[in-house]
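Structure first, commentary second.
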Amino acid sequence: MKKPVIEFSNYSFKYNSQVEPTLHNLNLTIYEGEKVVIVGPSGSGKSTIGQCLNGLVPFSYKGEVTGSLAIFGQEARNLDIFTLSKMVGTVLQDPDGQFIGLTVGEDIAFSLENDCIDQSQMVQMVDDIAKMVDMERRLQSSVHHLSGGQKQRVSLAGVMVDQVDILLFDEPLANLDPTTGKSAIELIDQIHEQMNKTIIIIEHRLEDVLHRNVDRIIVIDEGRIVADEHPDAILASSILEQHHIREPLYVKAAKYAGCALTAEMRPSRLHTFALKNCQEKLIEWYENVEREGKTKSSSPVLEVEHLSFSYHGGKEIIQDISFSVQKGEMVSIVGKNGAGKSTLSKLICGFEKPQSGKIMFHGQEVTADSIKERALRVGMVMQNPNHMISKNMIFDEVALGLTIRGVPENKIKERVEKTLKVCGLYPFRNWPISALSFGQKKRVTIASILVLEPEILILDEPTAGQDLRHYTEIMEFLVELNRQGMTILMVTHDMHIMLEYTSRAIVITDGQIIADDSAAAVLTNRELIKQANLKETSLFELAERIGIEEPKEFVERFIVFDREERGKWQ
Amino acid sequence: MAVEMLSYIEKNTAVHRLTGVTKLLCFILWSTAAMLTYDTRILIFLFLMSIWIFIVSKIEIKEVSFVLIFIFIFLLLNNVAIYGFSPQEGVKIYGTSHVLFEIAGRYNVTLEQIFYQFNITLKYFTVAPVALLFIVTTHPSEFAASLNKIGISYRISYAVSLALRYIPDVQRDFRNIALAQQARGLDMSNKEKLPKRVKNAASIIIPLILSSLDKIETISNAMELRGFGKNKKRTWYSSRPFQKSDYLVLTCFILILAASLIITFHDGNRFYNPFQ
C-alpha cells in the first residue's frame with residue numbers, strides 16, 4: 001500500500017476578502033512518489049490548492065478553513081509556514097519575480113541562510129545541488145542574465161536545497177517558449193525519477209505537461225474536484241471540454257472526427273495512442289471538412305525596409321529586417337525569448353529609433369515621426385494591462401487619449417461610446433476598472449488604443465496567463481476587429497495563437513527574419529522549429545501517422561474547424 | 001535604455017575589493033568626521049581625499065551624474081534657505097562683520113556669511129562622493145550582509161538592499177509605462193505647461209505603483225516560502241572575511257576621525273576662524 005503524503009478531507013476555504021468559498025469540500029489524496037497534474041480554468045481555485053499546500057493559505061492569505069488537510073499525517077493548519085516549507089517546496093510561476101539572490105549561488109543558498117547554516121557548509125551544499133540541475137559552472141552569474149530554462153533550473157535548485165519531499169510547480173510553463181517548456185518538463189521528470197519526490201504540477205498547458213509521463217490528472221472547476229483519474233481516462237472522457245480546458249490537439253482532432261476514445265487506447269501521449277480504429281474516421285473527416293478561402297492581398301499598409309537597431313552601439317538586436325504587411329492582415333511575430341520580437345514592435349511604434357532603415361505607412365516614410373505622431377497610425381497594447389491603466393473609471397480610461405489631444409467633449413463621448421460598443425464594454429462604461437477581470441481589463445486597454453483610430457494594432461503576448469475561455473474570448477474579439485478591417489500584428493510565443501488565428505507568421509531569431517510564411521507551414525517545418533525554439537504541433541505527427549499526404553493541409557483544416565467549434569461557446 | 005542610477009557598477013579596483021562592512025564603517029566614520037567639524041582646513045583635506053578615493057575607484061562622473069545633479073540642486077536649495085533664514089549666521093559665529101554690500105534690512109553680504117556657507121558646501125562635497133561610492137561599489141548581495149554585520153536587524157538590511165536592487169527594475173517599468181502613455185498622446189516634454197505635466201506624470205505613477213505592488217507581493221511570498229524571517233539570525237552566503245587591506249583602511253579612517261576631532265576641538269571651538 002502506498003503511503004499518503006497529502007490528504008484533503010472535506011476541506012473548504014474562503015478568503016477573508018471574498019464572500020464565497022474558493023474551495024468546496026475537497027477530498028483528495030496524493031501518495032508518496034506520485035506525479036500529479038492539477039488543471040482548471042482561471043479562477044477555478046487550482047492555485048489556491050497550491051497555496052494551501054505551501055502554507056500561504058491560511059498563513060499569509062487569511063481566511064476560513066473547514067475540514068482537514070494533512071501533510072505527512074500532520075494537520076497543516078497546526079503547523080506554520082516555515083515548517084510547511086520544509087515539506088513542500090514551491091517553484092512559483094515567474095522566475096524573475098521570485099529570485100531573491102542576485103547571483104545563482106546566492107539565490108540557491110537563500111533558504112540555507114535563513115536556517116543559519118555555516119558559510120563553509122553552505123557553499124558545499126549549494127555546489128552539490130547546483131550539480132544536480134547542471135548549473136554548477138554558473139554559480140557566479142547574475143540570475144538576470146540567464147536564459148528562461150536556466151532560470152527555471154535555478155529556482156528549482158533553490159527549493160530542492162531544502163531536501164523537501166514534495167515539489168509543487170505553479171504554472172511552470174507560463175513564461176517559457178515551447179522548446180524551453182519541453183525541457184523544463186523533462187527536468188521535472190528527471191528529478192521525479194531520480195529522487196523519488198512527490199510532484200504536483202499546476203498548469204493549463206496540458207499537452208505540454210503530458211510530454212512526459214503523469215500518474216494522475218485532477219480537474220478543478222469552481223472550487224470543486226470534477227475529475228481525478230489517470231490521464232488516459234481523462235482524455236478519453238469529455239470532462240476537459242466541459243470545463244473549457246484545452247485538450248491535446250491530436251485528441252481533439254480524433255474527437256472531431258467522431259472516434260470513440262477509450263482509456264485502453266492510451267491517448268495521453270501521441271506515440272502510445274492506438275489509432276487503429278480512428279484512422280479511417282480521421283481521414284474521412286479530413287476529406288470532408290471545409291477549408292477557408294485565401295484572403296486576397298490588398299495594398300501594403302506597413303513596410304519595413306532594412307531596419308537595424310542596437311542599444312548604445314552594443315550588439316545589433318535587429319539586423320537588417322525587411323517585411324511588409326497588407327491592409328487587413330493578421331500576422332504573428334514569433335521567436336524565442338530575447339530574439340528581438342519586442343524590440344521590433346517598439347521600433348514600429350517609434351518607442352525606439354532605428355540606427356538605419358526605413359519604416360513606411362502607405363508608402364509614406366514615418367521613421368522620423370515622434371511617438372505621439374506615430375500613435376495615430378499604430379497602437380501598441382502592452383502585455384500587462386496594469387501597465388497601461390491609470391484611471392478609475394472605464395469611460396475615463398478609454399477617453400484619456402482623446403482628452404489629452406484636446407478633442408471636444410461631445411466628440412469624445414461619441415467616439416468613446418462607439419469604441420466601447422465595438423469592444424463589448426458599453427454596458428460597463430460607468431464601472432470602476434478594479435471590478436473587471438483580467439480579460440476585461442485587457443479589453444479596456446485595447447479599447448483605449450482603438451479609440452485613437454490607429455490603422456495597425458500591435459499586441460504583445462495578448463493572451464499571456466489566460467485560460468482557454470478567456471483566451472478564446474480575447475482572440476475572437478481580435479478576429480472580429482480584424483474582420484472589420486483592422487490590421488493586427490501580434491508578438492507571441494504561444495504557438496496556438498499563431499496557428500489558430502494568424503494567417504501568416506514572421507519568425508525571428510537573433511534579430512533576423514528566418515521565415516515569413518503561413519503559420520501552418522512554419523509549424524510543420526522541422527528545421528525552422530528547431531532554430532526558433534518552437535515546437536512541432538502534435539497534429540502534424542498525427543497526420544503523418546494516419547498517412548495523410550499533406551500534413552500541413554490537415555493542420556490548417558483542423559484549425560478552421562476548431563475555431564468554429566469554440567466560437568459556439570459564447 | 002534607461003539610465004541606471006544608484007546601482008552597483010562592476011569594476012575591479014582596490015575600493016571594490018574591500019568588504020562591504022569595511023566600506024560601510026568607513027562611510028560612517030567619514031560622515032561623523034565631516035559632520036562634526038567646521039574646521040575649513042580639515043574639510044579641505046577630507047574633500048581632496050574623497051576626490052582621490054573617487055579616482056581610485058575608477059567610477060566615472062557620467063555614471064553617477066544624475067545623482068550628482070540631484071545633490072547639487074539640493075545643496076543650492078539648502079544654501080538659499082540658510083541665507084534666507086539666517087543672513088547673519090556667519091557674523092554670529094566668527095564675531096566680526098566684513099560687509100561687502102548691503103541688500104535690504106538685515107540682508108547684507110558679509111565675508112563671514114560667505115565663508116560659513118562655503119564650509120557647509122564643503123561638507124556636502126566631502127560626504128556626497130563617499131556616500132555614492134559606498135552604494136555603487138558595494139555588491140548588492142553584500143550590502144544586506146554588511147548592514148546586518150554592524151548590528152542592524154537582517155529584516156531591515158534586506159529591505160534596504162531589495163529597495164536598492166529594484167531601482168533598475170522600476171526604472172525599466174517606468175520607461176515602458178511612460179512610452180505607452182506618450183503613445184496615447186501624453187506630453188511629458190518641455191512643450192507642455194508645468195501643472196499639466198505634473199498631472200500627466202500621475203498617469204505614469206499610478207500604473208507604476210500598482211505594478212510595483214504586484215512585484216512586492218510576489219517577492220515577499222517567495223521569501224516567506226523559503227523561510228525568511230524564521231529565526232532571529234541568519235547567515236550570509238556571500239559575506240567575505242576581512243583581509244589585511246580591510247584592517248588597514250579601517251585603521252586609517254579611525255585615525256582620520258580622531259585627528260579631525262582633536263584638531264577641531266582642541267581650542268574649544270568647532271569653527272576655524274580666519275577673521276581674527
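Labels for the C-alpha cells follow display order: chains A, B, ..., residues from 1 in each chain, ligands from 1.
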
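With only C-alpha atoms taken into account, the protein and nucleic acid residues at most 9 Å from stretch 53-62 of chain B (excluding it and anything under 3 positions from it in its own chain) are B:Ile9, B:Lys11, B:Asn12, B:Thr13, B:Ala14, B:Val15, B:His16, B:Leu48, B:Met49, B:Ser50, B:Ser65, B:Phe66, B:Leu68, B:Pro129, B:Val130, B:Leu133, B:Val136, B:Thr137.
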
For the residues in that selection, give me N, CA and C atoms as a PDB file, in the first residue's frame.
```pdb
ATOM      1  N   ILE B   9      28.094  49.312  -9.753  1.00  0.00           N
ATOM      2  CA  ILE B   9      28.843  49.429 -11.002  1.00  0.00           C
ATOM      3  C   ILE B   9      30.070  48.528 -10.876  1.00  0.00           C
ATOM      4  N   LYS B  11      33.517  46.956 -11.265  1.00  0.00           N
ATOM      5  CA  LYS B  11      34.886  47.261 -11.687  1.00  0.00           C
ATOM      6  C   LYS B  11      35.788  46.502 -10.741  1.00  0.00           C
ATOM      7  N   ASN B  12      37.036  46.336 -11.141  1.00  0.00           N
ATOM      8  CA  ASN B  12      37.941  45.664 -10.220  1.00  0.00           C
ATOM      9  C   ASN B  12      38.984  46.658  -9.722  1.00  0.00           C
ATOM     10  N   THR B  13      38.704  47.312  -8.625  1.00  0.00           N
ATOM     11  CA  THR B  13      39.650  48.271  -8.069  1.00  0.00           C
ATOM     12  C   THR B  13      39.811  47.993  -6.589  1.00  0.00           C
ATOM     13  N   ALA B  14      40.784  48.669  -5.969  1.00  0.00           N
ATOM     14  CA  ALA B  14      41.034  48.487  -4.538  1.00  0.00           C
ATOM     15  C   ALA B  14      39.763  48.783  -3.747  1.00  0.00           C
ATOM     16  N   VAL B  15      39.026  49.797  -4.177  1.00  0.00           N
ATOM     17  CA  VAL B  15      37.812  50.164  -3.452  1.00  0.00           C
ATOM     18  C   VAL B  15      36.774  49.053  -3.547  1.00  0.00           C
ATOM     19  N   HIS B  16      36.632  48.487  -4.744  1.00  0.00           N
ATOM     20  CA  HIS B  16      35.658  47.409  -4.915  1.00  0.00           C
ATOM     21  C   HIS B  16      36.028  46.176  -4.109  1.00  0.00           C
ATOM     22  N   LEU B  48      39.651  66.804  -0.598  1.00  0.00           N
ATOM     23  CA  LEU B  48      40.663  66.337  -1.554  1.00  0.00           C
ATOM     24  C   LEU B  48      40.790  64.822  -1.508  1.00  0.00           C
ATOM     25  N   MET B  49      40.737  64.295  -0.288  1.00  0.00           N
ATOM     26  CA  MET B  49      40.880  62.867  -0.157  1.00  0.00           C
ATOM     27  C   MET B  49      39.695  62.130  -0.803  1.00  0.00           C
ATOM     28  N   SER B  50      38.502  62.672  -0.616  1.00  0.00           N
ATOM     29  CA  SER B  50      37.353  61.976  -1.214  1.00  0.00           C
ATOM     30  C   SER B  50      37.451  61.971  -2.738  1.00  0.00           C
ATOM     31  N   SER B  65      26.218  60.879 -12.755  1.00  0.00           N
ATOM     32  CA  SER B  65      25.900  62.288 -12.952  1.00  0.00           C
ATOM     33  C   SER B  65      24.486  62.644 -12.502  1.00  0.00           C
ATOM     34  N   PHE B  66      23.562  61.742 -12.736  1.00  0.00           N
ATOM     35  CA  PHE B  66      22.174  62.053 -12.401  1.00  0.00           C
ATOM     36  C   PHE B  66      22.021  62.357 -10.912  1.00  0.00           C
ATOM     37  N   LEU B  68      24.433  63.132  -8.850  1.00  0.00           N
ATOM     38  CA  LEU B  68      25.234  64.315  -8.506  1.00  0.00           C
ATOM     39  C   LEU B  68      24.432  65.596  -8.760  1.00  0.00           C
ATOM     40  N   PRO B 129      30.415  62.302  -2.264  1.00  0.00           N
ATOM     41  CA  PRO B 129      31.097  61.309  -3.100  1.00  0.00           C
ATOM     42  C   PRO B 129      31.314  59.993  -2.373  1.00  0.00           C
ATOM     43  N   VAL B 130      31.602  60.067  -1.074  1.00  0.00           N
ATOM     44  CA  VAL B 130      31.862  58.834  -0.340  1.00  0.00           C
ATOM     45  C   VAL B 130      30.585  58.013  -0.189  1.00  0.00           C
ATOM     46  N   LEU B 133      29.932  56.450  -3.473  1.00  0.00           N
ATOM     47  CA  LEU B 133      30.876  55.363  -3.708  1.00  0.00           C
ATOM     48  C   LEU B 133      30.468  54.123  -2.946  1.00  0.00           C
ATOM     49  N   VAL B 136      27.622  52.529  -4.955  1.00  0.00           N
ATOM     50  CA  VAL B 136      27.893  51.953  -6.277  1.00  0.00           C
ATOM     51  C   VAL B 136      29.059  50.964  -6.310  1.00  0.00           C
ATOM     52  N   THR B 137      29.847  50.887  -5.232  1.00  0.00           N
ATOM     53  CA  THR B 137      30.945  49.912  -5.271  1.00  0.00           C
ATOM     54  C   THR B 137      30.688  48.710  -4.369  1.00  0.00           C
TER      55      THR B 137
END
```

Within 7 Å of A:Gln512 using only C-alpha atoms, minus same-chain residues under 2 positions, as a ChimeraX atom specification: /A:318-319,321,508-510,514

Surrounding residues of B:Phe271 excluding itself and chain neighbours under 2 positions, 10 Å, only C-alpha atoms, as a PyMOL selection string: chain B and resi 37-40+93-94+116+119+264-265+267-269+273-274

7 Å contacts from chain A to chain B using only C-alpha atoms, as a PyMOL selection string: chain A and resi 82+85+97-98+101-102+106+109+111+113-119+122+311+351+371-372+375+386-390+401+404-405

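Residues of stretch 376-433 of chain A carrying a DSSP assignment of alpha helix (DSSP H), computed from the backbone, are A:Ile394, A:Phe395, A:Asp396, A:Glu397, A:Val398, A:Ala399, A:Leu400, A:Gly401, A:Leu402, A:Thr403, A:Ile404, A:Glu409, A:Asn410, A:Lys411, A:Ile412, A:Lys413, A:Glu414, A:Arg415, A:Val416, A:Glu417, A:Lys418, A:Thr419, A:Leu420, A:Lys421, A:Val422.
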
Residue nearest A:Ala519 - candidates A:Glu365, A:Cys423, A:Val334, A:Met360, atoms counted: only C-alpha atoms: A:Val334

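Minimum atom-to-atom distance to A:Val398, evaluated using only C-alpha atoms, belongs to A:Leu450 out of A:Ile359, A:Leu450, A:Glu352, A:Phe323.
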
Spatial neighbours of B:Leu257, max dist 12 Å, only C-alpha atoms, sep filter under 2 positions, as a PDB file with N, CA and C atoms, in the first residue's frame:
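out-v3.pdb written:
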```pdb
ATOM      1  N   LEU B  25      31.512  50.885   7.436  1.00  0.00           N
ATOM      2  CA  LEU B  25      32.090  51.503   8.635  1.00  0.00           C
ATOM      3  C   LEU B  25      32.865  52.767   8.262  1.00  0.00           C
ATOM      4  N   CYS B  26      33.651  52.678   7.197  1.00  0.00           N
ATOM      5  CA  CYS B  26      34.423  53.844   6.754  1.00  0.00           C
ATOM      6  C   CYS B  26      33.494  54.994   6.422  1.00  0.00           C
ATOM      7  N   PHE B  27      32.402  54.666   5.779  1.00  0.00           N
ATOM      8  CA  PHE B  27      31.446  55.701   5.409  1.00  0.00           C
ATOM      9  C   PHE B  27      30.893  56.383   6.666  1.00  0.00           C
ATOM     10  N   ILE B  28      30.608  55.576   7.680  1.00  0.00           N
ATOM     11  CA  ILE B  28      30.068  56.157   8.921  1.00  0.00           C
ATOM     12  C   ILE B  28      31.118  57.036   9.600  1.00  0.00           C
ATOM     13  N   LEU B  29      32.367  56.515   9.682  1.00  0.00           N
ATOM     14  CA  LEU B  29      33.441  57.285  10.312  1.00  0.00           C
ATOM     15  C   LEU B  29      33.634  58.604   9.573  1.00  0.00           C
ATOM     16  N   TRP B  30      33.666  58.486   8.272  1.00  0.00           N
ATOM     17  CA  TRP B  30      33.907  59.641   7.410  1.00  0.00           C
ATOM     18  C   TRP B  30      32.825  60.708   7.602  1.00  0.00           C
ATOM     19  N   SER B  31      31.573  60.260   7.602  1.00  0.00           N
ATOM     20  CA  SER B  31      30.500  61.237   7.750  1.00  0.00           C
ATOM     21  C   SER B  31      30.528  61.862   9.133  1.00  0.00           C
ATOM     22  N   THR B  32      30.873  61.062  10.147  1.00  0.00           N
ATOM     23  CA  THR B  32      30.959  61.624  11.501  1.00  0.00           C
ATOM     24  C   THR B  32      31.987  62.751  11.508  1.00  0.00           C
ATOM     25  N   ALA B  33      33.158  62.465  10.940  1.00  0.00           N
ATOM     26  CA  ALA B  33      34.204  63.485  10.909  1.00  0.00           C
ATOM     27  C   ALA B  33      33.695  64.730  10.194  1.00  0.00           C
ATOM     28  N   ALA B  34      33.101  64.535   9.037  1.00  0.00           N
ATOM     29  CA  ALA B  34      32.676  65.683   8.241  1.00  0.00           C
ATOM     30  C   ALA B  34      31.532  66.448   8.905  1.00  0.00           C
ATOM     31  N   MET B  35      30.674  65.720   9.613  1.00  0.00           N
ATOM     32  CA  MET B  35      29.529  66.376  10.245  1.00  0.00           C
ATOM     33  C   MET B  35      29.957  67.200  11.452  1.00  0.00           C
ATOM     34  N   LEU B  36      30.890  66.668  12.226  1.00  0.00           N
ATOM     35  CA  LEU B  36      31.234  67.324  13.482  1.00  0.00           C
ATOM     36  C   LEU B  36      32.097  68.565  13.285  1.00  0.00           C
ATOM     37  N   THR B  37      32.925  68.534  12.287  1.00  0.00           N
ATOM     38  CA  THR B  37      33.885  69.632  12.172  1.00  0.00           C
ATOM     39  C   THR B  37      33.374  70.750  11.262  1.00  0.00           C
ATOM     40  N   ILE B  42      40.442  71.036   7.791  1.00  0.00           N
ATOM     41  CA  ILE B  42      40.131  69.605   7.764  1.00  0.00           C
ATOM     42  C   ILE B  42      39.179  69.287   6.610  1.00  0.00           C
ATOM     43  N   LEU B  43      38.178  70.136   6.454  1.00  0.00           N
ATOM     44  CA  LEU B  43      37.212  69.887   5.379  1.00  0.00           C
ATOM     45  C   LEU B  43      37.891  69.850   4.019  1.00  0.00           C
ATOM     46  N   LEU B  46      39.692  66.595   3.766  1.00  0.00           N
ATOM     47  CA  LEU B  46      38.756  65.490   3.518  1.00  0.00           C
ATOM     48  C   LEU B  46      38.222  65.535   2.093  1.00  0.00           C
ATOM     49  N   LEU B 250      40.472  50.545   7.571  1.00  0.00           N
ATOM     50  CA  LEU B 250      39.680  50.913   8.753  1.00  0.00           C
ATOM     51  C   LEU B 250      40.517  51.717   9.750  1.00  0.00           C
ATOM     52  N   THR B 251      41.772  51.232   9.987  1.00  0.00           N
ATOM     53  CA  THR B 251      42.662  51.942  10.899  1.00  0.00           C
ATOM     54  C   THR B 251      42.889  53.375  10.413  1.00  0.00           C
ATOM     55  N   CYS B 252      43.150  53.514   9.124  1.00  0.00           N
ATOM     56  CA  CYS B 252      43.378  54.851   8.570  1.00  0.00           C
ATOM     57  C   CYS B 252      42.190  55.758   8.844  1.00  0.00           C
ATOM     58  N   PHE B 253      40.990  55.223   8.611  1.00  0.00           N
ATOM     59  CA  PHE B 253      39.804  56.056   8.769  1.00  0.00           C
ATOM     60  C   PHE B 253      39.592  56.430  10.227  1.00  0.00           C
ATOM     61  N   ILE B 254      39.877  55.486  11.124  1.00  0.00           N
ATOM     62  CA  ILE B 254      39.721  55.807  12.550  1.00  0.00           C
ATOM     63  C   ILE B 254      40.696  56.922  12.914  1.00  0.00           C
ATOM     64  N   LEU B 255      41.932  56.818  12.395  1.00  0.00           N
ATOM     65  CA  LEU B 255      42.938  57.849  12.667  1.00  0.00           C
ATOM     66  C   LEU B 255      42.479  59.204  12.121  1.00  0.00           C
ATOM     67  N   ALA B 259      42.044  62.372  14.415  1.00  0.00           N
ATOM     68  CA  ALA B 259      42.818  63.581  14.142  1.00  0.00           C
ATOM     69  C   ALA B 259      41.891  64.771  13.916  1.00  0.00           C
ATOM     70  N   SER B 260      40.837  64.549  13.145  1.00  0.00           N
ATOM     71  CA  SER B 260      39.978  65.680  12.831  1.00  0.00           C
ATOM     72  C   SER B 260      39.254  66.164  14.084  1.00  0.00           C
ATOM     73  N   LEU B 261      38.907  65.217  14.955  1.00  0.00           N
ATOM     74  CA  LEU B 261      38.238  65.625  16.191  1.00  0.00           C
ATOM     75  C   LEU B 261      39.188  66.435  17.076  1.00  0.00           C
ATOM     76  N   ILE B 262      40.429  65.963  17.179  1.00  0.00           N
ATOM     77  CA  ILE B 262      41.404  66.661  18.027  1.00  0.00           C
ATOM     78  C   ILE B 262      41.648  68.070  17.506  1.00  0.00           C
ATOM     79  N   ILE B 263      41.890  68.163  16.184  1.00  0.00           N
ATOM     80  CA  ILE B 263      42.175  69.484  15.618  1.00  0.00           C
ATOM     81  C   ILE B 263      40.972  70.405  15.774  1.00  0.00           C
ATOM     82  N   THR B 264      39.772  69.829  15.585  1.00  0.00           N
ATOM     83  CA  THR B 264      38.574  70.657  15.671  1.00  0.00           C
ATOM     84  C   THR B 264      38.343  71.187  17.080  1.00  0.00           C
TER      85      THR B 264
END
```

Spatial neighbours of stretch 213-216 of chain A, max dist 12 Å, only C-alpha atoms, sep filter under 6 positions, as a ChimeraX atom specification: /A:28-39,185-186,188-190,192-193,198-201,206-207,227-235,266-272

Within 12 Å of A:Ile71 using only C-alpha atoms, minus same-chain residues under 3 positions, as an MDAnalysis selection string: chainID A and resid 3:9 28:32 52:55 68 74:79 83:88 165:166 198

Quick one: write out the picked residues with C-alpha atoms as a PDB file, in the first residue's frame?
```pdb
ATOM      1  CA  LYS A   3       1.830   5.936   1.752  1.00  0.00           C
ATOM      2  CA  PRO A   4      -0.409   9.014   1.510  1.00  0.00           C
ATOM      3  CA  VAL A   5       1.532  12.269   1.832  1.00  0.00           C
ATOM      4  CA  ILE A   6      -1.238  14.763   1.226  1.00  0.00           C
ATOM      5  CA  GLU A   7      -4.794  14.228   2.369  1.00  0.00           C
ATOM      6  CA  PHE A   8      -7.548  16.763   1.928  1.00  0.00           C
ATOM      7  CA  SER A   9     -10.743  15.680   3.613  1.00  0.00           C
ATOM      8  CA  LEU A  28      -8.129  14.343  -2.388  1.00  0.00           C
ATOM      9  CA  THR A  29      -5.267  12.044  -1.504  1.00  0.00           C
ATOM     10  CA  ILE A  30      -1.848  12.167  -3.088  1.00  0.00           C
ATOM     11  CA  TYR A  31       0.561   9.331  -2.451  1.00  0.00           C
ATOM     12  CA  GLU A  32       4.292   9.278  -1.986  1.00  0.00           C
ATOM     13  CA  CYS A  52      -2.987  25.554   0.856  1.00  0.00           C
ATOM     14  CA  LEU A  53      -0.163  23.068   0.392  1.00  0.00           C
ATOM     15  CA  ASN A  54       2.699  25.503   0.827  1.00  0.00           C
ATOM     16  CA  GLY A  55       1.078  27.389   3.677  1.00  0.00           C
ATOM     17  CA  SER A  68      -8.763  18.946   7.316  1.00  0.00           C
ATOM     18  CA  GLN A  74       0.199  16.342  10.335  1.00  0.00           C
ATOM     19  CA  GLU A  75      -2.670  18.798  10.266  1.00  0.00           C
ATOM     20  CA  ALA A  76      -1.435  21.699   8.133  1.00  0.00           C
ATOM     21  CA  ARG A  77      -3.135  24.500   9.990  1.00  0.00           C
ATOM     22  CA  ASN A  78      -1.482  23.483  13.262  1.00  0.00           C
ATOM     23  CA  LEU A  79       1.931  23.896  11.657  1.00  0.00           C
ATOM     24  CA  THR A  83       7.634  24.010   8.827  1.00  0.00           C
ATOM     25  CA  LEU A  84       5.460  23.511   5.775  1.00  0.00           C
ATOM     26  CA  SER A  85       8.109  24.965   3.503  1.00  0.00           C
ATOM     27  CA  LYS A  86      10.449  22.189   4.663  1.00  0.00           C
ATOM     28  CA  MET A  87       7.966  19.601   3.465  1.00  0.00           C
ATOM     29  CA  VAL A  88       6.534  21.240   0.350  1.00  0.00           C
ATOM     30  CA  ASP A 165       9.841  15.627  -0.289  1.00  0.00           C
ATOM     31  CA  ILE A 166       7.033  17.305  -2.173  1.00  0.00           C
ATOM     32  CA  THR A 198       6.199  13.644  -4.986  1.00  0.00           C
TER      33      THR A 198
END
```

Surrounding residues of A:Leu499 excluding itself and chain neighbours under 3 positions, 10 Å, only C-alpha atoms, as a PyMOL selection string: chain A and resi 332+494-496+502-505+518-523+537+555-556+559-560

Please produce a file of those selected residues containing C-alpha atoms, as a PDB file, in the first residue's frame.
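Okay, part.pdb is ready:
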```
ATOM      1  CA  SER A 332       2.152  36.922 -35.687  1.00  0.00           C
ATOM      2  CA  ASP A 494       2.158  30.937 -27.909  1.00  0.00           C
ATOM      3  CA  MET A 495       2.002  28.529 -30.791  1.00  0.00           C
ATOM      4  CA  HIS A 496      -1.732  28.108 -30.542  1.00  0.00           C
ATOM      5  CA  THR A 502      -2.939  34.294 -37.829  1.00  0.00           C
ATOM      6  CA  SER A 503      -2.682  33.538 -41.480  1.00  0.00           C
ATOM      7  CA  ARG A 504       0.938  34.483 -41.539  1.00  0.00           C
ATOM      8  CA  ALA A 505       3.882  34.183 -39.179  1.00  0.00           C
ATOM      9  CA  SER A 518       1.814  30.674 -43.254  1.00  0.00           C
ATOM     10  CA  ALA A 519       1.632  29.609 -39.599  1.00  0.00           C
ATOM     11  CA  ALA A 520       0.892  26.017 -40.528  1.00  0.00           C
ATOM     12  CA  ALA A 521       3.900  25.951 -42.848  1.00  0.00           C
ATOM     13  CA  VAL A 522       6.149  27.273 -40.089  1.00  0.00           C
ATOM     14  CA  LEU A 523       4.958  24.764 -37.509  1.00  0.00           C
ATOM     15  CA  THR A 537       2.362  20.673 -33.462  1.00  0.00           C
ATOM     16  CA  VAL A 555      -3.330  21.101 -39.708  1.00  0.00           C
ATOM     17  CA  GLU A 556      -4.954  24.009 -41.499  1.00  0.00           C
ATOM     18  CA  ILE A 559      -7.728  24.869 -37.109  1.00  0.00           C
ATOM     19  CA  VAL A 560     -10.561  26.331 -39.093  1.00  0.00           C
TER      20      VAL A 560
END
```

Nearest-residue call for A:Glu565, choices A:Gln93, A:Glu171, A:Ser42, A:Lys255, using only C-alpha atoms: A:Lys255

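Computed from the coordinates, the atom CA of A:Val161 to atom CA of A:Leu210 distance equals 26.5 Å.
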